[in-house]
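A.B. asks: The following block contains the structure, expressed as structure tokens.
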Number of protein chains: 2
Amino acid sequence: MVTIKDVARQADVSVATVSRVFSGANVVSTETTRKIRDVAAALRYTPHGGARSLITRKTNTIGVLLPDLYGEFFSELIRGIDVAARRAGFHILVSLSHADRSEIEEAMRAMRGRVDGVLLMSPHVDAESLSNIPANLPVVLVCSASGGSEVDSVTIQNFRGARAMVAHLISLGHRQIAIIKGAAGNYDSAERLRGYRTALRDAGISVERALEVDGDFTEAGGHAAALQLIGRNPRPTAVFAANDCMAIGALSAFREQGVRVPDEMAVGGFDDIPLARYMDPPLSSVHVPICELGERAVVRLLDAIGCKNAGDHKRERVATHLVIRRSTAGEAVPSHEVTNA
Amino acid sequence: MVTIKDVARQADVSVATVSRVFSGANVVSTETTRKIRDVAAALRYTPHGGARSLITRKTNTIGVLLPDLYGEFFSELIRGIDVAARRAGFHILVSLSHADRSEIEEAMRAMRGRVDGVLLMSPHVDAESLSNIPANLPVVLVCSASGGSEVDSVTIQNFRGARAMVAHLISLGHRQIAIIKGAAGNYDSAERLRGYRTALRDAGISVERALEVDGDFTEAGGHAAALQLIGRNPRPTAVFAANDCMAIGALSAFREQGVRVPDEMAVGGFDDIPLARYMDPPLSSVHVPICELGERAVVRLLDAIGCKNAGDHKRERVATHLVIRRSTAGEAVPSHEVTNA
DNA sequence: CCTCCGGATGTAAACGATTACATTTTGGTC
DNA sequence: GACCAAAATGTAATCGTTTACATCCGGAGG
């Protein structure tokens with residue numbers, strides 16, 4: 001590997017001068033600069049990021065710790081994060097599939113000295129209770145429960161979104177409304193369930209546990225849950241799936257069983273993934289600006305990295321809105337979408 | 001930030017001893033070890049990864065350079081990469097949305113000193129022509145054209161998969177078979193197109209440019225392309241979409257226009273994303289083990305990092321296989337899948 | 001002609017760890 | 001108790017940079 005010393009030697013200057021050329025301190029004579037650049041190009045020299053960040057104490061990298069995440073949600077989130085990070089000249093160090101507390105702590109420690117801050121998405125662990133992590137490392141929670149206000153966090157409007165979807169179903173005249181719940185122990189799941197129940201109560205409809213079936217955010221889970229619901233007596237006339245994947249699984253189950261959507265069964269999802277509008281019938285959903293979620297989280301983190309004002313930790317929510325398509329609205333709704341912020 | 005020196009001072013030993021405790025050289029007396037661990041825990045000390053990798057000359061990190069990638073493909077690929085990397089104790093540094101050569105080179109330089117090797121997916125740029133990158137940095141190409149054998153690469157069996165799908169359509173009696181092409185200039189696109197044409201020729205069917213419509217790998221693109229095809233005279237009886245997203249867009253277009261699938265129009269996709277089986281009708285596709293693709297690429301890269309045998313660069317392909325569902329096969333095919341390696 | 005100043009460059013000390021080598025301690029053997 | 005190997009620990013160089021400080025040099029001002 002060719003280092004700054006090799007360049008210095010060949011260009012017949014000191015390493016300091018070479019360093020000054022590459023670190024942008026605009027203080028080296030144009031002639032020397034040219035000479036150094038030539039030598040560097042010939043040698044294929046590139047500054048060593050690790051060494052650089054050791055002395056400058058900035059890695060220009062943010063760590064991203066995620067749980068098991070699938071499909072669209074994951075890719076959009078990363079995209080948002082990468083876009084915002086790159087805009088600020090930051091890289092992202094990604095670590096996936098962290099479930100329990102010890103794994104998270106382990107991953108965070110591994111990141112010490114490699115990142116300037118961490119984005120942590122931990123829907124199962126109350127991240128505040130993380131104890132054994134490097135001190136002074138800025139952290140922003142994404143879509144996670146954060147008991148107090150001890151830490152920055154960015155989440156989505158799960159509660160409002162779910163409540164709006166269920167209110168929409170109610171407004172269509174449905175009274176027997178089921179929910180296919182998200183993965184157990186998950187923060188988003190819990191909030192969406194809460195929104196569902198609140199909407200029912202607000203309309204004076206009693207909340208029945210029999211209409212709350214378990215799900216796991218996968219198509220297969222939604223499919224299985226839908227089969228259960230078909231057997232219920234009385235059979236619900238509408239179902240709210242806690243995410244689109246499950247809604248899609250449910251749609252296919254209803255189709256197989258000859259249950260017509262939306263006539264016999266209205267179906268609403270959550271997330272509004274790109275595919276939702278291409279379903280048959282097109283799926284009503286709660287739109288989540290996932291990409292923006294990632295961006296906002298990064299912005300917040302960069303903020304925390306910049307100034308050490310340990311004081312003002314904020315809890316921020318990105319807005320969701322209802323997107324009504326045919327899976328809930330019947331033929332009455334025109335094919336262009338009705339949205340409702 | 002607390003460093004190894006702080007721990008050494010408080011534990012009343014030298015930094016060397018502390019280092020030995022944390023780097024696993026099992027040579028420190030149990031009592032000293034305990035004392036050091038206690039102090040470290042009290043101080044919340046974590047070794048500084050950057051400093052460590054500077055002297056050991058290993059970052060235990062691999063860089064991942066990707067183009068604009070969406071949905072399932074992206075998330076599965078990253079998952080595969082992360083799984084394999086973590087298994088070997090490696091982290092991944094991700095950088096997205098690199099299009100042209102200069103962006104790629106820039107990103108690779110930025111990674112110098114932060115990674116031990118790079119996974120590069122560059123479907124548009126002939127990566128071999130990359131010149132201005134750090135010397136000696138192991139690289140493995142993923143799903144990219146690699147002219148000669150100067151570099152390791154892992155791709156998928158685009159050609160075979162596409163040919164098999166089109167052969168399947170032919171075997172069902174179709175003669176007017178259209179293709180919705182992938183993004184222009186894309187390696188996978190080109191290979192799948194080649195497979196399509198070869199299958200036609202093998203069956204003695206003439207290749208007609210009018211049946212090759214442009215696409216871009218998105219649902220909207222597939223939708224638009226399908227509308228075009230409906231207008232063709234004679235109208236094709238089958239269409240092969242170069243990926244599932246486009247196939248799904250096409251399905252929805254056919255549905256809207258009252259073109260029955262598969263009776264009036266058979267539809268085949270590529271990728272076999274999880275949602276494919278939940279479409280109406282369930283979508284026939286070419287299964288791609290995306291996760292495995294990522295894993296294999298990492299394994300290959302770790303190999304290259306381990307031994308400096310610059311000699312034997314290999315080109316590897318992960319196998320695809322046909323998954324036949326109702327979108328091509330009509331009601332004749334039972335609901336459990338027919339697969340065909 | 002001397003001073004002084006500023007621009008260009010060099011010298012050397014960090015950054016936070018690892019590790020070869022040197023040194024000290026320990027404990028077993030005679 | 002002396003001796004010696006082995007075990008435990010310390011010393012200091014090193015990784016590839018950045019940067020405060022020192023140095024050098026030429027020219028402007030007096």
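Just remember, in the structure tokens the first chain shown is A, the second B, etc., residues are 1-based per chain, and ligands are 1-based in the order shown.
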Dump as a PyMOL selection string the residues of chain D that approach chain B to within 12 Å, counting only C-alpha atoms (C1' of nucleotides).

C.D. replies: chain D and resi 6-17

A.B. asks: Based on only C-alpha atoms (C1' of nucleotides), which of the residues in chain C come within 10 Å of chain B? I want them as a list in words.

C.D. replies: DC15, DG16, DA17, DT18 and DT19 of chain C

A.B. asks: Once you have the residues from the selection above, write them out as a CSV table (one decimal), in the first residue's frame, restricted to N, CA and C atoms (P, O5', C5', C4', C3', O3' and C1' of nucleotides).

C.D. replies:
chain,number,residue,atom,x,y,z
C,15,DC,P,-3.2,12.7,22.3
C,15,DC,O5',-4.3,12.0,21.4
C,15,DC,C5',-5.0,12.6,20.3
C,15,DC,C4',-5.4,11.6,19.3
C,15,DC,C3',-5.6,10.2,19.9
C,15,DC,O3',-7.0,10.1,20.2
C,15,DC,C1',-4.5,10.1,17.7
C,16,DG,P,-7.4,9.5,21.6
C,16,DG,O5',-7.3,8.0,21.5
C,16,DG,C5',-8.1,7.3,20.5
C,16,DG,C4',-7.6,5.9,20.3
C,16,DG,C3',-7.4,5.1,21.7
C,16,DG,O3',-8.0,3.9,21.5
C,16,DG,C1',-5.5,5.0,20.3
C,17,DA,P,-8.2,2.9,22.7
C,17,DA,O5',-7.0,1.8,22.5
C,17,DA,C5',-7.3,0.6,21.9
C,17,DA,C4',-6.4,0.3,20.7
C,17,DA,C3',-5.4,-0.9,20.9
C,17,DA,O3',-6.1,-2.0,20.3
C,17,DA,C1',-4.4,1.0,19.8
C,18,DT,P,-5.6,-3.4,20.8
C,18,DT,O5',-4.2,-3.6,20.0
C,18,DT,C5',-4.3,-3.8,18.6
C,18,DT,C4',-2.9,-4.1,18.1
C,18,DT,C3',-2.3,-5.4,18.6
C,18,DT,O3',-1.6,-6.0,17.4
C,18,DT,C1',-0.9,-3.6,19.0
C,19,DT,P,-1.2,-7.5,17.4
C,19,DT,O5',0.3,-7.5,17.7
C,19,DT,C5',1.2,-6.6,16.9
C,19,DT,C4',2.6,-6.7,17.5
C,19,DT,C3',3.0,-7.9,18.2
C,19,DT,O3',4.3,-8.2,18.0
C,19,DT,C1',3.3,-6.2,19.7

A.B. asks: Using only C-alpha atoms, which residues of chain B come within 8 Å of chain A, and what is the closest atom pair for each, with the distance in Å to one decimal? Give it as a tab-separated table, sorted by chain and residue number.

C.D. replies:
residue	atom	partner	partner_atom	distance
B:Met1	CA	A:Asn136	CA	7.1
B:Arg44	CA	A:Pro134	CA	5.9
B:Tyr45	CA	A:Pro134	CA	6.5
B:Thr46	CA	A:Pro134	CA	6.1
B:Pro47	CA	A:Arg112	CA	7.0
B:His48	CA	A:Gly113	CA	4.6
B:Gly49	CA	A:Gly113	CA	4.9
B:Gly50	CA	A:Gly113	CA	5.1
B:Ala51	CA	A:Leu54	CA	6.3
B:Ser53	CA	A:Gly50	CA	7.7
B:Leu54	CA	A:Ala51	CA	6.3
B:Tyr70	CA	A:Ser75	CA	6.4
B:Gly71	CA	A:Glu72	CA	4.4
B:Glu72	CA	A:Gly71	CA	4.5
B:Phe73	CA	A:Gly71	CA	7.9
B:Phe74	CA	A:Ser75	CA	6.2
B:Ser75	CA	A:Ser75	CA	5.5
B:Glu76	CA	A:Gly71	CA	7.5
B:Arg79	CA	A:Leu96	CA	7.4
B:Asp82	CA	A:Leu96	CA	6.6
B:His91	CA	A:Ser95	CA	6.9
B:Ile92	CA	A:Val94	CA	5.7
B:Leu93	CA	A:Leu93	CA	4.4
B:Val94	CA	A:Ile92	CA	5.8
B:Ser95	CA	A:His91	CA	6.9
B:Leu96	CA	A:Asp82	CA	6.6
B:Arg109	CA	A:Thr46	CA	6.2
B:Ala110	CA	A:Gly49	CA	6.9
B:Met111	CA	A:Gly49	CA	6.9
B:Arg112	CA	A:His48	CA	5.6
B:Gly113	CA	A:His48	CA	4.5
B:Arg114	CA	A:Gly50	CA	5.6
B:Asn132	CA	A:Arg44	CA	6.9
B:Ile133	CA	A:Arg44	CA	6.9
B:Pro134	CA	A:Arg44	CA	5.9
B:Ala135	CA	A:Arg44	CA	6.4
B:Asn136	CA	A:Met1	CA	7.0
B:Glu219	CA	A:Leu275	CA	7.4
B:Ile248	CA	A:Tyr278	CA	6.8
B:Gly249	CA	A:Tyr278	CA	6.3
B:Ser252	CA	A:Tyr278	CA	5.6
B:Leu275	CA	A:Glu219	CA	7.5
B:Tyr278	CA	A:Ser252	CA	5.6
B:Met279	CA	A:Ser252	CA	7.1
B:Asp280	CA	A:Asp280	CA	6.8

A.B. asks: Since we have the selection now, will you write its residues out, keeping C-alpha atoms, as a PDB file, in the first residue's frame?

C.D. replies:
ATOM      1  CA  MET B   1     -13.795   9.563  25.416  1.00  0.00           C
ATOM      2  CA  ARG B  44     -17.485   2.192  30.072  1.00  0.00           C
ATOM      3  CA  TYR B  45     -14.387   1.612  28.041  1.00  0.00           C
ATOM      4  CA  THR B  46     -14.640   0.142  24.574  1.00  0.00           C
ATOM      5  CA  PRO B  47     -11.620  -0.403  22.337  1.00  0.00           C
ATOM      6  CA  HIS B  48     -11.359   2.086  19.526  1.00  0.00           C
ATOM      7  CA  GLY B  49     -11.943   0.152  16.333  1.00  0.00           C
ATOM      8  CA  GLY B  50     -10.290   2.719  14.127  1.00  0.00           C
ATOM      9  CA  ALA B  51      -7.088   2.835  16.087  1.00  0.00           C
ATOM     10  CA  SER B  53      -7.352  -1.411  12.595  1.00  0.00           C
ATOM     11  CA  LEU B  54      -4.683   1.122  11.855  1.00  0.00           C
ATOM     12  CA  TYR B  70     -35.263  -0.971  -5.216  1.00  0.00           C
ATOM     13  CA  GLY B  71     -37.466  -3.194  -3.188  1.00  0.00           C
ATOM     14  CA  GLU B  72     -37.024  -6.809  -2.504  1.00  0.00           C
ATOM     15  CA  PHE B  73     -33.914  -7.273  -4.567  1.00  0.00           C
ATOM     16  CA  PHE B  74     -31.999  -4.707  -2.645  1.00  0.00           C
ATOM     17  CA  SER B  75     -33.056  -5.825   0.791  1.00  0.00           C
ATOM     18  CA  GLU B  76     -32.408  -9.468   0.113  1.00  0.00           C
ATOM     19  CA  ARG B  79     -29.315  -9.391   3.932  1.00  0.00           C
ATOM     20  CA  ASP B  82     -24.653  -8.994   6.043  1.00  0.00           C
ATOM     21  CA  HIS B  91     -18.994  -5.239   9.139  1.00  0.00           C
ATOM     22  CA  ILE B  92     -20.387  -3.698   6.015  1.00  0.00           C
ATOM     23  CA  LEU B  93     -19.971  -0.166   4.812  1.00  0.00           C
ATOM     24  CA  VAL B  94     -22.679   0.631   2.314  1.00  0.00           C
ATOM     25  CA  SER B  95     -22.765   3.233  -0.357  1.00  0.00           C
ATOM     26  CA  LEU B  96     -25.730   3.596  -2.671  1.00  0.00           C
ATOM     27  CA  ARG B 109     -11.259   6.059  -2.818  1.00  0.00           C
ATOM     28  CA  ALA B 110     -13.333   7.217   0.099  1.00  0.00           C
ATOM     29  CA  MET B 111     -13.297   3.661   1.325  1.00  0.00           C
ATOM     30  CA  ARG B 112      -9.545   3.326   1.328  1.00  0.00           C
ATOM     31  CA  GLY B 113      -8.421   2.556   4.837  1.00  0.00           C
ATOM     32  CA  ARG B 114     -11.945   1.818   5.993  1.00  0.00           C
ATOM     33  CA  ASN B 132      -8.324   5.567 -10.623  1.00  0.00           C
ATOM     34  CA  ILE B 133      -8.885   3.407  -7.596  1.00  0.00           C
ATOM     35  CA  PRO B 134      -6.587   2.433  -4.761  1.00  0.00           C
ATOM     36  CA  ALA B 135      -4.231  -0.292  -5.827  1.00  0.00           C
ATOM     37  CA  ASN B 136      -4.337  -3.648  -4.110  1.00  0.00           C
ATOM     38  CA  GLU B 219     -44.192  -1.358 -11.895  1.00  0.00           C
ATOM     39  CA  ILE B 248     -46.910  -7.021 -11.766  1.00  0.00           C
ATOM     40  CA  GLY B 249     -47.423  -3.670 -13.431  1.00  0.00           C
ATOM     41  CA  SER B 252     -52.614  -4.756 -13.455  1.00  0.00           C
ATOM     42  CA  LEU B 275     -45.066 -11.322  -3.493  1.00  0.00           C
ATOM     43  CA  TYR B 278     -49.752 -13.669  -4.000  1.00  0.00           C
ATOM     44  CA  MET B 279     -50.642 -12.007  -7.253  1.00  0.00           C
ATOM     45  CA  ASP B 280     -53.840 -12.691  -9.115  1.00  0.00           C
TER      46      ASP B 280
END

A.B. asks: Write out as a PDB file with N, CA and C atoms (P, O5', C5', C4', C3', O3' and C1' of nucleotides), in the first residue's frame which residues come within 12 Å of stretch 28-30 of chain D when counting only C-alpha atoms (C1' of nucleotides), dropping same-chain ones fewer than 2 positions away.

C.D. replies:
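Wrote part-v2.pdb, looks like this:
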ATOM      1  P    DC C   1      24.274  47.191   1.885  1.00  0.00           P
ATOM      2  O5'  DC C   1      23.564  47.773   3.197  1.00  0.00           O
ATOM      3  C5'  DC C   1      24.294  48.355   4.237  1.00  0.00           C
ATOM      4  C4'  DC C   1      23.456  48.202   5.470  1.00  0.00           C
ATOM      5  C3'  DC C   1      23.145  46.736   5.817  1.00  0.00           C
ATOM      6  O3'  DC C   1      23.141  46.615   7.233  1.00  0.00           O
ATOM      7  C1'  DC C   1      21.122  47.882   5.398  1.00  0.00           C
ATOM      8  P    DC C   2      23.205  45.189   7.870  1.00  0.00           P
ATOM      9  O5'  DC C   2      21.978  45.331   8.870  1.00  0.00           O
ATOM     10  C5'  DC C   2      21.768  46.586   9.509  1.00  0.00           C
ATOM     11  C4'  DC C   2      20.341  46.637  10.007  1.00  0.00           C
ATOM     12  C3'  DC C   2      19.820  45.321  10.585  1.00  0.00           C
ATOM     13  O3'  DC C   2      19.181  45.591  11.817  1.00  0.00           O
ATOM     14  C1'  DC C   2      18.338  46.120   8.915  1.00  0.00           C
ATOM     15  P    DT C   3      18.719  44.386  12.756  1.00  0.00           P
ATOM     16  O5'  DT C   3      17.136  44.470  12.633  1.00  0.00           O
ATOM     17  C5'  DT C   3      16.604  45.558  11.864  1.00  0.00           C
ATOM     18  C4'  DT C   3      15.107  45.631  12.023  1.00  0.00           C
ATOM     19  C3'  DT C   3      14.394  44.454  12.662  1.00  0.00           C
ATOM     20  O3'  DT C   3      13.254  44.951  13.354  1.00  0.00           O
ATOM     21  C1'  DT C   3      13.796  44.601  10.346  1.00  0.00           C
ATOM     22  P    DC C   4      12.369  43.986  14.267  1.00  0.00           P
ATOM     23  O5'  DC C   4      11.100  43.765  13.336  1.00  0.00           O
ATOM     24  C5'  DC C   4      10.641  44.854  12.506  1.00  0.00           C
ATOM     25  C4'  DC C   4       9.619  44.312  11.534  1.00  0.00           C
ATOM     26  C3'  DC C   4       8.831  43.116  12.087  1.00  0.00           C
ATOM     27  O3'  DC C   4       7.467  43.326  11.779  1.00  0.00           O
ATOM     28  C1'  DC C   4       9.826  42.552  10.018  1.00  0.00           C
ATOM     29  P    DC C   5       6.348  42.412  12.405  1.00  0.00           P
ATOM     30  O5'  DC C   5       5.612  41.919  11.094  1.00  0.00           O
ATOM     31  C5'  DC C   5       5.549  42.800   9.951  1.00  0.00           C
ATOM     32  C4'  DC C   5       5.142  41.964   8.759  1.00  0.00           C
ATOM     33  C3'  DC C   5       4.285  40.753   9.165  1.00  0.00           C
ATOM     34  O3'  DC C   5       3.212  40.646   8.260  1.00  0.00           O
ATOM     35  C1'  DC C   5       6.199  40.043   7.940  1.00  0.00           C
ATOM     36  P    DG C   6       1.952  39.736   8.632  1.00  0.00           P
ATOM     37  O5'  DG C   6       1.729  38.955   7.263  1.00  0.00           O
ATOM     38  C5'  DG C   6       2.167  39.538   6.033  1.00  0.00           C
ATOM     39  C4'  DG C   6       2.560  38.412   5.091  1.00  0.00           C
ATOM     40  C3'  DG C   6       1.709  37.150   5.294  1.00  0.00           C
ATOM     41  O3'  DG C   6       1.476  36.589   4.023  1.00  0.00           O
ATOM     42  C1'  DG C   6       3.981  36.622   5.574  1.00  0.00           C
TER      43       DG C   6
ATOM     44  P    DG D  26      15.662  33.667  -1.105  1.00  0.00           P
ATOM     45  O5'  DG D  26      14.581  34.708  -1.634  1.00  0.00           O
ATOM     46  C5'  DG D  26      13.293  34.238  -2.027  1.00  0.00           C
ATOM     47  C4'  DG D  26      12.315  35.393  -1.957  1.00  0.00           C
ATOM     48  C3'  DG D  26      12.899  36.704  -2.496  1.00  0.00           C
ATOM     49  O3'  DG D  26      11.925  37.350  -3.303  1.00  0.00           O
ATOM     50  C1'  DG D  26      12.194  36.987  -0.240  1.00  0.00           C
TER      51       DG D  26
END

A.B. asks: Hey, what's within 8 Å of stretch 160-172 of chain B if we count only C-alpha atoms (C1' of nucleotides) and toss same-chain stuff fewer than 6 positions away? As a PyMOL selection string, please?

C.D. replies: chain B and resi 192-193+195-200+203+238+240+266+268+270+285-286+320-322+328-329

A.B. asks: Could you work out how far atom CA of B:Pro234 lies from atom CA of B:Ser206, giving the answer in Å with one decimal?

C.D. replies: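 Atom-to-atom, atom CA of B:Ser206 and atom CA of B:Pro234 are spaced 14.4 Å apart.
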
A.B. asks: Which of stretch 257-307 of chain A counts as strand (DSSP E or B) under DSSP, as an mmCIF file with N, CA and C atoms, in the first residue's frame please?

C.D. replies:
data_model
loop_
_atom_site.group_PDB
_atom_site.id
_atom_site.type_symbol
_atom_site.label_atom_id
_atom_site.label_comp_id
_atom_site.auth_asym_id
_atom_site.auth_seq_id
_atom_site.Cartn_x
_atom_site.Cartn_y
_atom_site.Cartn_z
ATOM 1 N N ALA A 266 -63.902 -5.677 3.239
ATOM 2 C CA ALA A 266 -63.027 -4.550 2.926
ATOM 3 C C ALA A 266 -61.661 -4.830 3.545
ATOM 4 N N VAL A 267 -60.601 -4.423 2.852
ATOM 5 C CA VAL A 267 -59.250 -4.693 3.364
ATOM 6 C C VAL A 267 -58.428 -3.409 3.315
ATOM 7 N N GLY A 268 -57.823 -3.080 4.443
ATOM 8 C CA GLY A 268 -56.935 -1.917 4.482
ATOM 9 C C GLY A 268 -55.569 -2.341 4.984
ATOM 10 N N ASP A 271 -48.553 1.180 5.276
ATOM 11 C CA ASP A 271 -47.223 1.406 4.687
ATOM 12 C C ASP A 271 -47.333 2.003 3.288
ATOM 13 N N SER A 284 -56.101 -0.194 -0.408
ATOM 14 C CA SER A 284 -56.109 1.022 0.412
ATOM 15 C C SER A 284 -55.074 0.848 1.508
ATOM 16 N N SER A 285 -54.413 1.940 1.834
ATOM 17 C CA SER A 285 -53.355 1.793 2.821
ATOM 18 C C SER A 285 -53.089 3.116 3.525
ATOM 19 N N VAL A 286 -52.220 3.073 4.489
ATOM 20 C CA VAL A 286 -51.797 4.287 5.173
ATOM 21 C C VAL A 286 -50.394 4.596 4.675
ATOM 22 N N HIS A 287 -50.283 5.703 4.002
ATOM 23 C CA HIS A 287 -48.990 6.006 3.399
ATOM 24 C C HIS A 287 -47.967 6.441 4.435
#

A.B. asks: Please provide as a list in words all residues within 8 Å of B:Tyr187, with the sequence filter that same-chain residues fewer than 2 positions apart are discarded (counting only C-alpha atoms (C1' of nucleotides)).

C.D. replies: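 Neighbouring residues, sequence-local ones excluded: Pro123, His124, Cys143, Ser144, Ala145, Gly185, Ser189, Ala190 and Glu191 of chain B.
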
A.B. asks: Please compute the atom CA of A:Ala226-atom CA of B:Val323 distance, one decimal, in Å.

C.D. replies: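 Computing the Euclidean distance for atom CA of A:Ala226 and atom CA of B:Val323 yields 25.0 Å.
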